[in-house]
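Enquirer: Pasting run.pdb below, which is PDB, C-alpha atoms and all ligand atoms.
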```
ATOM      1  CA  MET A  30      18.580 -13.317 -18.028
ATOM      2  CA  GLU A  31      15.150 -12.343 -16.791
ATOM      3  CA  LYS A  32      13.105 -10.218 -19.129
ATOM      4  CA  PRO A  33      11.804  -6.978 -17.638
ATOM      5  CA  LEU A  34       8.039  -7.141 -17.387
ATOM      6  CA  TRP A  35       5.760  -4.443 -18.593
ATOM      7  CA  ALA A  36       3.396  -2.882 -16.062
ATOM      8  CA  PRO A  37       1.046  -0.629 -18.010
ATOM      9  CA  TRP A  38      -0.865   0.541 -14.934
ATOM     10  CA  ARG A  39       2.354   2.156 -13.754
ATOM     11  CA  MET A  40       2.239   4.440 -16.792
ATOM     12  CA  GLU A  41      -1.368   5.162 -15.894
ATOM     13  CA  PHE A  42      -0.145   6.269 -12.480
ATOM     14  CA  ILE A  43       2.572   8.442 -13.948
ATOM     15  CA  ARG A  44       0.144  10.057 -16.387
ATOM     16  CA  ALA A  45      -2.867  10.229 -14.076
ATOM     17  CA  GLU A  46      -3.990  13.651 -12.991
ATOM     18  CA  LYS A  47      -3.013  14.026  -9.375
ATOM     19  CA  PRO A  48      -5.826  15.301  -7.148
ATOM     20  CA  ALA A  49      -5.251  18.592  -5.402
ATOM     21  CA  GLY A  50      -4.119  17.846  -1.881
ATOM     22  CA  CYS A  51      -2.768  14.720  -0.274
ATOM     23  CA  ILE A  52      -4.790  11.537  -0.918
ATOM     24  CA  PHE A  53      -3.451  10.011   2.314
ATOM     25  CA  CYS A  54      -5.125  12.885   4.158
ATOM     26  CA  LEU A  55      -8.227  13.203   1.957
ATOM     27  CA  PHE A  56      -9.215   9.513   1.674
ATOM     28  CA  PRO A  57      -9.423   8.639   5.391
ATOM     29  CA  ALA A  58     -11.239  11.908   6.075
ATOM     30  CA  GLU A  59     -14.165  10.469   4.080
ATOM     31  CA  GLN A  60     -16.317   8.227   6.248
ATOM     32  CA  GLY A  61     -18.405   5.152   5.525
ATOM     33  CA  GLU A  62     -18.013   1.836   3.789
ATOM     34  CA  GLU A  63     -18.942   3.197   0.362
ATOM     35  CA  ALA A  64     -16.169   5.795   0.596
ATOM     36  CA  ASP A  65     -13.689   3.257   1.923
ATOM     37  CA  HIS A  66     -14.513   0.934  -0.960
ATOM     38  CA  ARG A  67     -14.090   3.717  -3.514
ATOM     39  CA  ASN A  68     -10.849   4.823  -1.877
ATOM     40  CA  LEU A  69      -9.673   1.226  -1.375
ATOM     41  CA  ILE A  70      -9.218   1.609   2.394
ATOM     42  CA  VAL A  71      -9.351  -1.883   3.894
ATOM     43  CA  HIS A  72      -8.810  -1.159   7.591
ATOM     44  CA  ARG A  73      -8.550   1.725  10.046
ATOM     45  CA  SER A  74      -6.888   1.993  13.419
ATOM     46  CA  ALA A  75      -6.995   4.961  15.799
ATOM     47  CA  ARG A  76      -4.096   6.812  14.159
ATOM     48  CA  ALA A  77      -3.389   4.901  10.956
ATOM     49  CA  PHE A  78      -5.075   3.034   8.128
ATOM     50  CA  THR A  79      -4.364   0.418   5.478
ATOM     51  CA  ILE A  80      -5.173   1.009   1.837
ATOM     52  CA  LEU A  81      -4.702  -1.004  -1.353
ATOM     53  CA  ASN A  82      -2.180   0.443  -3.744
ATOM     54  CA  ARG A  83      -4.263   1.470  -6.758
ATOM     55  CA  PHE A  84      -1.237   0.774  -8.948
ATOM     56  CA  PRO A  85       0.064  -2.408  -7.333
ATOM     57  CA  TYR A  86       3.275  -4.286  -7.944
ATOM     58  CA  ASN A  87       1.577  -7.526  -7.031
ATOM     59  CA  ASN A  88      -1.824  -8.737  -5.873
ATOM     60  CA  GLY A  89      -2.475  -7.621  -2.327
ATOM     61  CA  HIS A  90       0.030  -4.753  -2.415
ATOM     62  CA  LEU A  91      -0.917  -2.672   0.641
ATOM     63  CA  LEU A  92       0.104   0.704   1.978
ATOM     64  CA  VAL A  93       0.021   1.275   5.731
ATOM     65  CA  VAL A  94      -0.272   4.970   6.423
ATOM     66  CA  PRO A  95      -0.316   7.182   9.527
ATOM     67  CA  ARG A  96      -3.133   9.729   9.691
ATOM     68  CA  ALA A  97      -0.546  12.404  10.457
ATOM     69  CA  HIS A  98       0.812  14.166   7.393
ATOM     70  CA  VAL A  99       4.566  13.897   7.862
ATOM     71  CA  SER A 100       7.360  13.045   5.468
ATOM     72  CA  ARG A 101      10.049  12.223   7.982
ATOM     73  CA  LEU A 102       9.866   9.264  10.321
ATOM     74  CA  GLU A 103      11.366  11.255  13.191
ATOM     75  CA  ASP A 104       8.551  13.812  12.869
ATOM     76  CA  LEU A 105       5.892  11.218  13.617
ATOM     77  CA  PRO A 106       4.830  11.506  17.297
ATOM     78  CA  ALA A 107       5.585   8.417  19.389
ATOM     79  CA  ASP A 108       1.919   7.427  19.815
ATOM     80  CA  ASP A 109       1.324   7.699  16.081
ATOM     81  CA  PHE A 110       4.404   5.628  15.398
ATOM     82  CA  ALA A 111       3.341   2.917  17.844
ATOM     83  CA  ASP A 112      -0.121   2.767  16.280
ATOM     84  CA  LEU A 113       1.355   2.673  12.773
ATOM     85  CA  GLN A 114       3.571  -0.263  13.697
ATOM     86  CA  ALA A 115       0.642  -2.128  15.251
ATOM     87  CA  GLU A 116      -1.352  -1.538  12.064
ATOM     88  CA  LEU A 117       1.597  -2.745   9.968
ATOM     89  CA  ARG A 118       1.676  -5.971  11.927
ATOM     90  CA  LEU A 119      -2.076  -6.521  11.462
ATOM     91  CA  ALA A 120      -1.722  -5.834   7.746
ATOM     92  CA  VAL A 121       1.109  -8.324   7.331
ATOM     93  CA  VAL A 122      -1.036 -10.979   8.979
ATOM     94  CA  ALA A 123      -4.028 -10.032   6.811
ATOM     95  CA  VAL A 124      -1.952 -10.359   3.637
ATOM     96  CA  ARG A 125      -0.684 -13.730   4.773
ATOM     97  CA  ASP A 126      -4.205 -14.944   5.547
ATOM     98  CA  ALA A 127      -5.643 -13.568   2.304
ATOM     99  CA  TYR A 128      -2.942 -14.553  -0.180
ATOM    100  CA  ALA A 129      -0.621 -17.074   1.442
ATOM    101  CA  PRO A 130       2.420 -15.531  -0.235
ATOM    102  CA  GLU A 131       5.786 -17.250   0.039
ATOM    103  CA  GLY A 132       7.341 -14.015   1.246
ATOM    104  CA  MET A 133       6.775 -10.267   1.474
ATOM    105  CA  ASN A 134       8.695  -7.077   0.937
ATOM    106  CA  VAL A 135       7.950  -4.585   3.677
ATOM    107  CA  GLY A 136       9.548  -1.198   3.330
ATOM    108  CA  MET A 137       9.392   2.553   3.177
ATOM    109  CA  ASN A 138      10.628   4.761   0.400
ATOM    110  CA  LEU A 139      11.620   8.016   2.037
ATOM    111  CA  GLY A 140      11.997  10.846  -0.447
ATOM    112  CA  LYS A 141      11.328  11.073  -4.174
ATOM    113  CA  VAL A 142      14.845   9.942  -5.045
ATOM    114  CA  ALA A 143      14.187   6.727  -3.113
ATOM    115  CA  GLY A 144      11.108   6.083  -5.226
ATOM    116  CA  ALA A 145       8.347   7.545  -3.084
ATOM    117  CA  GLY A 146       5.317   8.331  -5.261
ATOM    118  CA  ILE A 147       3.823  10.414  -2.450
ATOM    119  CA  ALA A 148       6.895  11.710  -0.672
ATOM    120  CA  ASP A 149       5.132  14.207   1.589
ATOM    121  CA  HIS A 150       3.193  11.598   3.564
ATOM    122  CA  LEU A 151       5.249   8.609   4.635
ATOM    123  CA  HIS A 152       3.834   5.076   4.351
ATOM    124  CA  TRP A 153       4.819   1.430   4.545
ATOM    125  CA  HIS A 154       4.581  -0.813   1.490
ATOM    126  CA  ILE A 155       3.684  -4.465   1.891
ATOM    127  CA  VAL A 156       4.238  -6.431  -1.305
ATOM    128  CA  PRO A 157       3.389 -10.142  -1.229
ATOM    129  CA  ARG A 158       5.915 -12.240  -3.127
ATOM    130  CA  TRP A 159       5.830 -15.632  -4.788
ATOM    131  CA  GLY A 160       8.741 -17.620  -6.129
ATOM    132  CA  GLY A 161       9.282 -16.723  -9.763
ATOM    133  CA  ASP A 162       7.198 -13.539  -9.756
ATOM    134  CA  THR A 163      10.343 -11.552 -10.484
ATOM    135  CA  ASN A 164      13.936 -11.650  -9.377
ATOM    136  CA  PHE A 165      13.923  -7.983  -8.804
ATOM    137  CA  MET A 166      13.764  -7.217  -5.115
ATOM    138  CA  PRO A 167      13.176  -3.468  -4.683
ATOM    139  CA  VAL A 168       9.589  -2.483  -4.242
ATOM    140  CA  LEU A 169       9.690   0.330  -6.735
ATOM    141  CA  SER A 170      11.206  -1.074  -9.869
ATOM    142  CA  ASP A 171       9.595  -3.501 -12.283
ATOM    143  CA  THR A 172       7.047  -6.193 -11.714
ATOM    144  CA  ARG A 173       4.720  -8.795 -13.112
ATOM    145  CA  VAL A 174       1.291  -8.689 -14.624
ATOM    146  CA  MET A 175      -1.619  -8.404 -12.212
ATOM    147  CA  ILE A 176      -4.348 -10.984 -12.334
ATOM    148  CA  GLU A 177      -6.795  -9.893  -9.662
ATOM    149  CA  HIS A 178      -9.159  -6.941  -9.892
ATOM    150  CA  LEU A 179      -8.804  -4.319  -7.145
ATOM    151  CA  ASP A 180     -12.427  -4.848  -6.088
ATOM    152  CA  GLN A 181     -11.665  -8.481  -5.383
ATOM    153  CA  SER A 182      -8.530  -7.512  -3.497
ATOM    154  CA  TRP A 183     -10.505  -5.047  -1.382
ATOM    155  CA  THR A 184     -13.100  -7.666  -0.430
ATOM    156  CA  ARG A 185     -10.501 -10.316   0.238
ATOM    157  CA  ILE A 186      -8.213  -8.187   2.395
ATOM    158  CA  ARG A 187     -11.087  -6.689   4.367
ATOM    159  CA  ALA A 188     -12.304 -10.180   5.161
ATOM    160  CA  ALA A 189      -8.807 -11.125   6.296
ATOM    161  CA  PHE A 190      -8.791  -8.132   8.659
ATOM    162  CA  GLY A 191     -12.000  -9.537  10.072
ATOM    163  CA  ALA A 192     -14.178  -6.630   8.887
TER     164      ALA A 192
HETATM  165 ZN    ZN A 201      -1.127  13.757   3.855
END
```
Let me see the structure of the file written as C-alpha cells.
Expert:
Amino acid sequence: MEKPLWAPWRMEFIRAEKPAGCIFCLFPAEQGEEADHRNLIVHRSARAFTILNRFPYNNGHLLVVPRAHVSRLEDLPADDFADLQAELRLAVVAVRDAYAPEGMNVGMNLGKVAGAGIADHLHWHIVPRWGGDTNFMPVLSDTRVMIEHLDQSWTRIRAAFGA
C-alpha cells in the first residue's frame, strides 16, 4: 500500500492570496524577460504561452495556456485552438529534452469539480513522470516531494525551448 505523500506547497497554493483578476491574462500581458522570469513564463507563441506551475506536482510541471480567456474548449476560436495545440506539442518536446521523463500526463481539468485551480481560463497540464514517483495517475491528487527550485526549472525549460 503506497503511502500518500505530503505536498506542503499545495497548502501554500490553497492559502495564498489570489491576485485580483486572472493570472493567465495578467502574466502574459507583462512584457520582457524579467517579467517572464518572475511570472515563470518559459515560452510564447502567437496566441498561447507556456508557464511553469508555481505549485508543481513534479519537476517540470508545465501549463500550456491560450491567450484567450475562455473556460470552455468549444469557445476557443479555431485559430487559437490550433496555436494552442502547436504550443502543447513544443512544450512536450521541451519537457522531454529538459528532463528525460519516462512518461508524461497531459490533460485538462475542465471545471472546479474536475480539479481546475483556475477554472475560468482553460489550460493544459504537462506533468513529467518517472517510475516510482507515485502510483497515483490523476494530475490533481497527491504527489511527491519536489527537488528542483523553480528558478532552475525556468532556466532549464527555456533552454530546451531554444530561447
Ligand atoms: Zn484569463
Enquirer: What gap, in Å, lies between atom CA of Ala145 of chain A and atom CA of Asp112 of chain A?
Expert: 21.7 Å
Enquirer: Run through the PyMOL selection byres (((chain A and resi 156-160) around 6) and not hetatm) on the given coordinates and return the selected residues as a PyMOL selection string.
Expert: chain A and resi 90+130-134+155+161-162
Enquirer: Find the nearest atom pair between each residue of chain A and ligand ZN 201 (chain A) for residues within 9 Å, count all atoms listed in the file, give distances in Å to one decimal, sort rows by chain and ascending number, and present the table as a Markdown table.
Expert:
```
| residue | atom | partner | partner_atom | distance |
| --- | --- | --- | --- | --- |
| A:Gly50 | CA | A:ZN201 | ZN | 7.7 |
| A:Cys51 | CA | A:ZN201 | ZN | 4.5 |
| A:Ile52 | CA | A:ZN201 | ZN | 6.4 |
| A:Phe53 | CA | A:ZN201 | ZN | 4.7 |
| A:Cys54 | CA | A:ZN201 | ZN | 4.1 |
| A:Leu55 | CA | A:ZN201 | ZN | 7.4 |
| A:Pro95 | CA | A:ZN201 | ZN | 8.7 |
| A:Arg96 | CA | A:ZN201 | ZN | 7.4 |
| A:Ala97 | CA | A:ZN201 | ZN | 6.8 |
| A:His98 | CA | A:ZN201 | ZN | 4.1 |
| A:Val99 | CA | A:ZN201 | ZN | 7.0 |
| A:Ser100 | CA | A:ZN201 | ZN | 8.7 |
| A:Ile147 | CA | A:ZN201 | ZN | 8.7 |
| A:Asp149 | CA | A:ZN201 | ZN | 6.7 |
| A:His150 | CA | A:ZN201 | ZN | 4.8 |
| A:Leu151 | CA | A:ZN201 | ZN | 8.2 |
```
Enquirer: Can you pull out the residues contacting segment 65-81 of chain A? Cut-off 6 Å, using all atoms listed in the file, and skip same-chain residues under 3 positions away; I want them as a count of residues only.
Expert: 10
Enquirer: Restricting the calculation to only C-alpha atoms: of A:Ala123, A:Ala64, A:Leu117, A:Ala111, which residue gets closest to Ala189 of chain A?
Expert: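 Among the listed residues, A:Ala123 lies closest to Ala189 of chain A.
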Enquirer: To test the calculation: enclose all listed atoms of segment 95-105 of chain A in a box whose edges run along x, y and z, add 4 Å on each side, then state centre and edge lengths in Å to one decimal, as lines of an AutoDock Vina configuration file.
Expert:
```
center_x = 4.1
center_y = 10.7
center_z = 9.5
size_x = 22.5
size_y = 15.0
size_z = 16.1
```
